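In what follows, a single structure is set out as structure tokens and then discussed.
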Amino acid sequence: MTVATRKPAAFDAPGAAAPARPAAHPLPVRIMHWLGAAAILCMILSGWQIYNASPLLPFEFPSWMTLGGWLAGGIAWHLAGLWLLLLDGLLYLIYGFASGHFRRDFLPLDPRLVLRDLGRALTGRLAHRLGHYNAVQRLLYAGVLVVVVFTVLTGLSIWKPVQFAWLTDFFGGYDRARVLHFSAMCLIVAFLAVHLILVAIFPRTLLAMIAGLRRQDEAEEKP
Amino acid sequence: MKPSRPAAPRLADLRPELKRIERRLFLRGGLSLGALALLSGCDLSTDSGIDRALWAMLRFNDRVQAALFDPNRLAPSYPASAITRPFRFNAYYPEWQVRMVDADAWRLEVGGLVADKKPWSLADLRQLPQEAQITRHVCVEGWSQIGQWSGVPLHVFLRKIGADLRAKYVAFRCFDDYSSSIDMASALHPQTILALDFEEKPLDPPWGAPLRLRIPTKLGFKNPKYLAAISVTNDYPGGYWENQGYNWYSGL
């Protein structure tokens with residue numbers, strides 16, 4: 001009776017007796033991921049427009065890469081995207097702590113495991129299981145979350161250097177806060193580059209973030 | 001012997017379907033990048049739904065900023081050693097186009113919801129109490145510089161002319177065809193001054209001679225130079241840059 005008792009390979013057939021495994025990414029995470037992605041893309045592209053009005057470094061972003069058309073438009077997009085980012089970010093932080101998502105999926109953050117998994121990833125020996133983060137992913141996802149919070153705070157400190165003067169002082173004054181805000185954007189863009197390259201290498205992760213799919217557990221066939 | 005139920009599908013059988021779905025998703029991603037390119041044309045100058053939404057968000061941001069504004073919080077002050085030199089000229093035209101007036105003939109007109117509409121000469125303004133400040137001028141473009149200004153606190157002037165302090169706006173018209181307006185709460189802030197002096201000398205033409213508004217709780221473009229008229233009103237007055245899409249409140 002091997003046919004009848006064989007476990008499904010990667011998908012639960014409709015009506016299968018085996019209990020359905022949970023989605024690789026719960027629905028709230030998927031919704032907040034895509035709203036956050038839209039908000040951050042809007043903030044980066046309109047931020048480049050604002051940067052071009054008074055560049056910190058001897059280069060400007062090509063206008064086709066910016067949002068808003070001119071400085072006033074860039075500011076309008078930046079101040080609009082800000083609310084989507086704040087709303088989505090706060091909901092995600094509340095959800096992440098309350099549901100155990102952060103504790104379960106981001107911890108432990110062990111530097112030795114990060115080095116081990118990084119070595120495995122670079123030598124092509126790291127298996128990718130949907131719904132499970134390896135140590136490098138844990139570090140990057142938790143890290144970019146901290147960087148986004150830092151970017152919002154440095155941004156507030158240069159938007160409101162009088163009302164939030166204590167925050168501007170904390171970041172070392174208006175000019176330094178501006179440099180920090182720009183640097184934090186660079187870190188987010190660097191994260192996005194790595195993130196998108198890995199999604200291109202493992203396209204099923206994109207499918208999982210849209211459709212959910214099923215979480216893959218330890219003993220399964222690795223696609 | 002026949003199976004008791006249909007065998008579960010094998011992953012290998014699903015691969016072609018998965019590939020098709022993946023391809024479709026990548027196509028969709030490409031389409032949203034195309035949509036983004038269309039969005040980049042939204043710059044507040046059209047009547048499109050997105051531009052209207054951006055304007056609505058700007059008005060929402062005005063209300064949020066008014067709520068964040070603390071009338072008792074002073075903008076940070078700096079020592080004289082922190083003053084930026086040379087000080088940068090800025091206007092909607094280059095410096096060689098700066099217009100000059102005869103200081104003796106110049107008068108500040110007063111209008112709107114005020115009791116006394118008598119025009120003011122520079123000598124009249126010098127008779128009023130004066131306040132000095134060394135504060136940071138923050139440009140909407142991102143750069144900033146520290147300067148020293150002194151002049152008549154606007155709240156003193158508004159009371160002197162019997163302005164309706166419950167009105168919503170104070171509007172400024174300039175003889176270089178610039179204009180701007182601020183909310184009454186910011187107008188009454190102790191550091192909001194009608195500046196007569198820059199670095200302890202009467203304003204030079206590049207800095208707005210003979211009279212400018214200095215308001216360190218707002219961005220630079222809300223500090224109109226070359227003042228010609230002040231009016232108090234409940235009708236939204238807008239301004240040169242504000243009407244083109246720069247955020248009206250622009251509080252710091």
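Each chain of the structure tokens is named A, B, ... in the order shown, its residues numbered from 1; ligands are numbered from 1 in display order.
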
Worksheet entry | Exercise: Ile146 of chain B partners within 6 Å, only C-alpha atoms, chain neighbours under 3 positions left out, as a ChimeraX atom specification | /B:83-84,135-137

Selected residues written out with C-alpha atoms, as a PDB file, in the first residue's frame:
ATOM      1  CA  ILE B  83      27.456  82.808  11.849  1.00  0.00           C
ATOM      2  CA  THR B  84      27.931  81.606   8.270  1.00  0.00           C
ATOM      3  CA  THR B 135      19.351  81.418  14.194  1.00  0.00           C
ATOM      4  CA  ARG B 136      19.572  78.844  11.421  1.00  0.00           C
ATOM      5  CA  HIS B 137      17.994  79.643   8.073  1.00  0.00           C
TER       6      HIS B 137
END

Enumerate as a ChimeraX atom specification all residues of segment 4-252 of chain B assigned to strand (DSSP E) by DSSP on the backbone, naming them with the chain letters and numbers the document uses. /B:109-112,131-138,144-153,169-174,179-183,193-198,201-202,212-214,227-233

The distance between atom CA of Val140 of chain B and atom CA of Asn223 of chain B is 11.5 Å

Item checked: Surrounding residues of Asp88 of chain A excluding itself and chain neighbours under 2 positions, 8 Å, only C-alpha atoms, as an MDAnalysis selection string -> chainID A and resid 32 35:36 84:86 90:92

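Proximity ranking of A:Val114, A:Ile158, A:Ile44, A:Val136 relative to chain B places A:Ile158 first, based on only C-alpha atoms.
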
From a DSSP pass on the backbone, collect the residues of chain A flagged as helix (DSSP H, G or I) and hand them back as JSON, numbers by chain.
{"A": [2, 3, 4, 5, 27, 28, 29, 30, 31, 32, 33, 34, 35, 36, 37, 38, 39, 40, 41, 42, 43, 44, 45, 46, 47, 48, 49, 50, 51, 52, 53, 63, 64, 65, 71, 72, 73, 74, 75, 76, 77, 78, 79, 80, 81, 82, 83, 84, 85, 86, 87, 88, 89, 90, 91, 92, 93, 94, 95, 96, 97, 98, 101, 102, 103, 104, 105, 106, 111, 112, 113, 114, 115, 116, 117, 118, 119, 120, 121, 122, 135, 136, 137, 138, 139, 140, 141, 142, 143, 144, 145, 146, 147, 148, 149, 150, 151, 152, 153, 154, 155, 156, 157, 158, 159, 165, 166, 167, 168, 169, 170, 174, 175, 176, 177, 178, 179, 180, 181, 182, 183, 184, 185, 186, 187, 188, 189, 190, 191, 192, 193, 194, 195, 196, 197, 198, 199, 200, 201, 204, 205, 206, 207, 208, 209, 210, 211]}

Counting only C-alpha atoms, what is within 12 Å of Arg166 of chain B, bar same-chain residues fewer than 5 positions away, as a PDB file with C-alpha atoms, in the first residue's frame?
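Result file is part_21.pdb:
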ATOM      1  CA  LEU B 113      -8.493  92.710   9.480  1.00  0.00           C
ATOM      2  CA  VAL B 114      -6.649  95.529  11.276  1.00  0.00           C
ATOM      3  CA  LEU B 158       0.252  93.142  14.942  1.00  0.00           C
ATOM      4  CA  ARG B 159      -0.980  94.352  18.327  1.00  0.00           C
ATOM      5  CA  ASP B 183      -0.551  81.000  10.059  1.00  0.00           C
ATOM      6  CA  MET B 184      -1.453  83.335  12.947  1.00  0.00           C
ATOM      7  CA  ALA B 185       0.088  81.046  15.606  1.00  0.00           C
ATOM      8  CA  ALA B 187       3.051  84.972  13.307  1.00  0.00           C
ATOM      9  CA  LEU B 188       2.689  85.455  17.074  1.00  0.00           C
ATOM     10  CA  VAL B 232      -4.401  89.948   8.075  1.00  0.00           C
ATOM     11  CA  THR B 233      -7.052  87.685   6.604  1.00  0.00           C
ATOM     12  CA  ASN B 234      -9.201  84.587   6.964  1.00  0.00           C
TER      13      ASN B 234
END

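Among the candidate residues A:Lys160, A:His128, A:Arg215, A:His181, the one lying nearest to chain B is A:Lys160, with distances computed using only C-alpha atoms.
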
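Taking atom CA of Phe170 of chain A and atom CA of Thr151 of chain A as endpoints, the distance between them is 13.8 Å.
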